[in-house]
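J.: final-v1.cif (mmCIF, C-alpha atoms) pasted underneath:
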data_input
#
loop_
_atom_site.label_atom_id
_atom_site.label_comp_id
_atom_site.auth_asym_id
_atom_site.auth_seq_id
_atom_site.Cartn_x
_atom_site.Cartn_y
_atom_site.Cartn_z
CA MET B 1 100.28 105.25 108.26
CA ALA B 2 101.21 102.59 110.80
CA GLU B 3 103.56 105.05 112.46
CA VAL B 4 100.72 107.49 113.06
CA SER B 5 98.56 104.94 114.87
CA VAL B 6 101.46 103.67 116.98
CA LYS B 7 102.47 107.20 117.83
CA SER B 8 98.93 108.18 118.82
CA LEU B 9 98.58 105.00 120.86
CA SER B 10 101.78 105.70 122.76
CA ALA B 11 100.64 109.29 123.33
CA PHE B 12 97.40 107.93 124.78
CA HIS B 13 99.25 105.49 127.02
CA ALA B 14 101.88 107.99 128.25
CA PRO B 15 99.76 109.88 130.81
CA ARG B 16 98.42 106.61 132.24
CA THR B 17 101.82 105.51 133.60
CA ASP B 18 101.46 107.59 136.78
CA TRP B 19 98.08 106.24 137.90
CA PHE B 20 99.53 104.44 140.89
CA LYS B 21 101.76 107.23 142.12
CA PRO B 22 100.44 108.79 145.35
CA ASP B 23 101.32 112.37 144.37
CA GLY B 24 98.27 114.54 145.03
CA ARG B 25 95.97 111.61 145.72
CA GLU B 26 95.22 112.67 149.30
CA GLN B 27 94.11 116.11 148.16
CA ASN B 28 91.93 114.57 145.44
CA ILE B 29 90.22 112.39 148.03
CA LYS B 30 89.66 115.37 150.34
CA ASP B 31 88.20 117.37 147.46
CA TYR B 32 85.89 114.49 146.53
CA ILE B 33 84.64 114.13 150.11
CA ALA B 34 84.05 117.88 150.44
CA LEU B 35 82.08 117.92 147.19
CA ALA B 36 80.07 114.85 148.22
CA ASN B 37 79.19 116.52 151.53
CA GLN B 38 78.06 119.68 149.74
CA LEU B 39 75.74 117.72 147.44
CA VAL B 40 74.14 115.49 150.06
CA TRP B 41 70.92 117.54 150.26
CA LYS B 42 70.54 117.73 146.49
CA ARG B 43 70.93 113.96 146.23
CA GLN B 44 68.48 113.33 149.04
CA GLY B 45 66.00 115.78 147.54
CA SER B 46 66.06 113.99 144.20
CA PHE B 47 65.82 110.57 145.88
CA PHE B 48 62.87 111.75 147.99
CA ALA B 49 61.10 113.22 144.96
CA ALA B 50 61.56 109.94 143.12
CA ALA B 51 60.25 108.04 146.16
CA VAL B 52 57.15 110.24 146.36
CA LEU B 53 56.42 109.78 142.65
CA ALA B 54 56.97 106.04 142.91
CA ALA B 55 54.72 105.89 145.99
CA ILE B 56 51.89 107.37 143.93
CA TYR B 57 52.03 104.50 141.47
CA PHE B 58 53.25 101.61 143.64
CA ASP B 59 52.95 100.43 147.23
CA ALA B 60 53.95 103.43 149.37
CA LEU B 61 55.09 101.34 152.34
CA THR B 62 57.55 99.40 150.21
CA ILE B 63 58.83 102.53 148.48
CA PHE B 64 59.51 104.37 151.73
CA ALA B 65 61.13 101.28 153.22
CA PHE B 66 63.58 101.32 150.31
CA TYR B 67 64.01 105.07 150.74
CA ALA B 68 64.94 104.43 154.39
CA VAL B 69 67.68 102.11 153.12
CA VAL B 70 68.90 104.89 150.82
CA VAL B 71 69.03 107.32 153.77
CA ALA B 72 70.86 104.74 155.89
CA THR B 73 73.51 104.20 153.22
CA GLU B 74 73.88 107.96 152.82
CA LEU B 75 74.48 108.28 156.57
CA LEU B 76 77.08 105.52 156.44
CA ASP B 77 78.75 107.29 153.54
CA LEU B 78 78.90 110.53 155.55
CA LEU B 79 80.30 108.75 158.60
CA LEU B 80 82.96 106.98 156.56
CA GLY B 81 83.86 110.18 154.71
#
Translate the structure of the given file into structure tokens.
T.:
Amino acid sequence: MAEVSVKSLSAFHAPRTDWFKPDGREQNIKDYIALANQLVWKRQGSFFAAAVLAAIYFDALTIFAFYAVVVATELLDLLLG
């Protein structure tokens, strides 16, 4: 029984040995940035809806000030991407 657990553990560890190899990493980053750019309006829509709902129950000025910070960080993310 000990052989089974050691064997399964080594099978789990085997694919993790190539984490730091750069093969295909650039394409993965490009794909991630493209997907993030496609979803920017969906994210902002959900953040704005949450801000509107929070503004109903809490101080609207504070909520929209925090929403402005969210928009600013999203713009920085787009510029860096």
J.: Give me the residues near Ala54 (chain B) as a ChimeraX atom specification, where near means some atom within 12 Å (using only C-alpha atoms) and where sequence neighbours in that chain fewer than 5 positions away do not count.
T.: /B:47-49,59-64,66-67
J.: Have a look at CA of Ala36 (chain B) and CA of Asp77 (chain B) and let me know their distance in Å, one decimal.
T.: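 About the pair CA of Ala36 (chain B) and CA of Asp77 (chain B): they are 9.3 Å apart.
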J.: Which residues, written as an NGL selection string, have at least one atom at most 12 Å from region 31-34 of chain B, with only C-alpha atoms counted and residues fewer than 4 positions away on the same chain left out?
T.: :B and (24-27 or 38-40 or 77-81)
J.: Quick one: axis-aligned box around all listed atoms of region 52-64 of chain B, 5 Å on every side, centre and edge lengths in Å to one decimal, written as JSON.
T.:
{"center_x": 55.7, "center_y": 104.8, "center_z": 146.9, "size_x": 17.6, "size_y": 20.8, "size_z": 20.9}
J.: Closest to Glu74 (chain B) among B:Pro22, B:Arg43, B:Ile29, B:Ala51, using only C-alpha atoms?
T.: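 When distances to Glu74 (chain B) are compared using only C-alpha atoms, the smallest one comes from B:Arg43.
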J.: Rounded to one decimal, what separation in Å do you get between CA of Thr73 (chain B) and CA of Tyr57 (chain B)?
T.: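 Rounded to one decimal, the two atoms are 24.5 Å apart.
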J.: CA of Leu75 (chain B) and CA of Lys30 (chain B) are how many Å apart?
T.: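 We find that CA of Leu75 (chain B) and CA of Lys30 (chain B) lie 17.9 Å from each other.
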J.: Starting from the incomplete input, reconstruct all heavy atoms of region 58-69 of chain B and write that as an mmCIF file, keeping the file's coordinate frame.
T.:
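Output saved as result28.cif:
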data_model
loop_
_atom_site.group_PDB
_atom_site.id
_atom_site.type_symbol
_atom_site.label_atom_id
_atom_site.label_comp_id
_atom_site.auth_asym_id
_atom_site.auth_seq_id
_atom_site.Cartn_x
_atom_site.Cartn_y
_atom_site.Cartn_z
ATOM 1 N N PHE B 58 52.994 102.933 143.073
ATOM 2 C CA PHE B 58 53.250 101.610 143.640
ATOM 3 C C PHE B 58 52.912 101.634 145.124
ATOM 4 O O PHE B 58 52.412 102.616 145.648
ATOM 5 C CB PHE B 58 54.711 101.200 143.420
ATOM 6 C CG PHE B 58 55.115 101.182 141.973
ATOM 7 C CD1 PHE B 58 55.938 102.166 141.462
ATOM 8 C CD2 PHE B 58 54.665 100.190 141.126
ATOM 9 C CE1 PHE B 58 56.310 102.162 140.132
ATOM 10 C CE2 PHE B 58 55.023 100.164 139.792
ATOM 11 C CZ PHE B 58 55.844 101.157 139.297
ATOM 12 N N ASP B 59 53.222 100.548 145.804
ATOM 13 C CA ASP B 59 52.950 100.430 147.230
ATOM 14 C C ASP B 59 53.828 101.407 148.013
ATOM 15 O O ASP B 59 55.058 101.290 148.015
ATOM 16 C CB ASP B 59 53.219 98.991 147.678
ATOM 17 C CG ASP B 59 52.931 98.783 149.143
ATOM 18 O OD1 ASP B 59 52.025 99.445 149.680
ATOM 19 O OD2 ASP B 59 53.625 97.946 149.752
ATOM 20 N N ALA B 60 53.214 102.363 148.680
ATOM 21 C CA ALA B 60 53.950 103.430 149.370
ATOM 22 C C ALA B 60 54.807 102.884 150.510
ATOM 23 O O ALA B 60 55.929 103.372 150.729
ATOM 24 C CB ALA B 60 52.978 104.473 149.897
ATOM 25 N N LEU B 61 54.321 101.892 151.227
ATOM 26 C CA LEU B 61 55.090 101.340 152.340
ATOM 27 C C LEU B 61 56.400 100.726 151.848
ATOM 28 O O LEU B 61 57.462 100.962 152.441
ATOM 29 C CB LEU B 61 54.246 100.278 153.077
ATOM 30 C CG LEU B 61 54.877 99.675 154.316
ATOM 31 C CD1 LEU B 61 55.128 100.757 155.358
ATOM 32 C CD2 LEU B 61 53.986 98.591 154.881
ATOM 33 N N THR B 62 56.340 100.008 150.773
ATOM 34 C CA THR B 62 57.550 99.400 150.210
ATOM 35 C C THR B 62 58.518 100.464 149.702
ATOM 36 O O THR B 62 59.723 100.385 149.941
ATOM 37 C CB THR B 62 57.179 98.456 149.044
ATOM 38 O OG1 THR B 62 56.241 97.504 149.514
ATOM 39 C CG2 THR B 62 58.402 97.754 148.496
ATOM 40 N N ILE B 63 57.983 101.463 149.031
ATOM 41 C CA ILE B 63 58.830 102.530 148.480
ATOM 42 C C ILE B 63 59.562 103.261 149.589
ATOM 43 O O ILE B 63 60.776 103.507 149.514
ATOM 44 C CB ILE B 63 57.978 103.508 147.643
ATOM 45 C CG1 ILE B 63 57.366 102.797 146.433
ATOM 46 C CG2 ILE B 63 58.807 104.717 147.221
ATOM 47 C CD1 ILE B 63 58.371 102.201 145.485
ATOM 48 N N PHE B 64 58.851 103.627 150.649
ATOM 49 C CA PHE B 64 59.510 104.370 151.730
ATOM 50 C C PHE B 64 60.420 103.489 152.573
ATOM 51 O O PHE B 64 61.359 103.982 153.194
ATOM 52 C CB PHE B 64 58.478 105.141 152.560
ATOM 53 C CG PHE B 64 57.927 106.316 151.796
ATOM 54 C CD1 PHE B 64 56.609 106.353 151.413
ATOM 55 C CD2 PHE B 64 58.756 107.370 151.438
ATOM 56 C CE1 PHE B 64 56.109 107.425 150.694
ATOM 57 C CE2 PHE B 64 58.273 108.451 150.718
ATOM 58 C CZ PHE B 64 56.948 108.477 150.342
ATOM 59 N N ALA B 65 60.177 102.190 152.568
ATOM 60 C CA ALA B 65 61.130 101.280 153.220
ATOM 61 C C ALA B 65 62.446 101.273 152.448
ATOM 62 O O ALA B 65 63.534 101.331 153.044
ATOM 63 C CB ALA B 65 60.541 99.866 153.286
ATOM 64 N N PHE B 66 62.359 101.248 151.120
ATOM 65 C CA PHE B 66 63.580 101.320 150.310
ATOM 66 C C PHE B 66 64.236 102.688 150.432
ATOM 67 O O PHE B 66 65.463 102.802 150.423
ATOM 68 C CB PHE B 66 63.284 100.988 148.854
ATOM 69 C CG PHE B 66 63.164 99.518 148.591
ATOM 70 C CD1 PHE B 66 61.958 98.960 148.227
ATOM 71 C CD2 PHE B 66 64.269 98.691 148.714
ATOM 72 C CE1 PHE B 66 61.842 97.608 147.998
ATOM 73 C CE2 PHE B 66 64.167 97.331 148.485
ATOM 74 C CZ PHE B 66 62.948 96.788 148.126
ATOM 75 N N TYR B 67 63.436 103.740 150.558
ATOM 76 C CA TYR B 67 64.010 105.070 150.740
ATOM 77 C C TYR B 67 64.755 105.146 152.083
ATOM 78 O O TYR B 67 65.788 105.802 152.183
ATOM 79 C CB TYR B 67 62.930 106.155 150.665
ATOM 80 C CG TYR B 67 63.483 107.531 150.885
ATOM 81 C CD1 TYR B 67 64.317 108.120 149.942
ATOM 82 C CD2 TYR B 67 63.200 108.242 152.042
ATOM 83 C CE1 TYR B 67 64.854 109.372 150.140
ATOM 84 C CE2 TYR B 67 63.724 109.499 152.249
ATOM 85 C CZ TYR B 67 64.549 110.055 151.295
ATOM 86 O OH TYR B 67 65.082 111.304 151.510
ATOM 87 N N ALA B 68 64.248 104.472 153.095
ATOM 88 C CA ALA B 68 64.940 104.430 154.390
ATOM 89 C C ALA B 68 66.310 103.749 154.238
ATOM 90 O O ALA B 68 67.287 104.182 154.871
ATOM 91 C CB ALA B 68 64.093 103.694 155.417
ATOM 92 N N VAL B 69 66.390 102.753 153.385
ATOM 93 C CA VAL B 69 67.680 102.110 153.120
ATOM 94 C C VAL B 69 68.625 103.091 152.426
ATOM 95 O O VAL B 69 69.819 103.159 152.742
ATOM 96 C CB VAL B 69 67.488 100.826 152.284
ATOM 97 C CG1 VAL B 69 68.819 100.256 151.826
ATOM 98 C CG2 VAL B 69 66.702 99.796 153.070
#
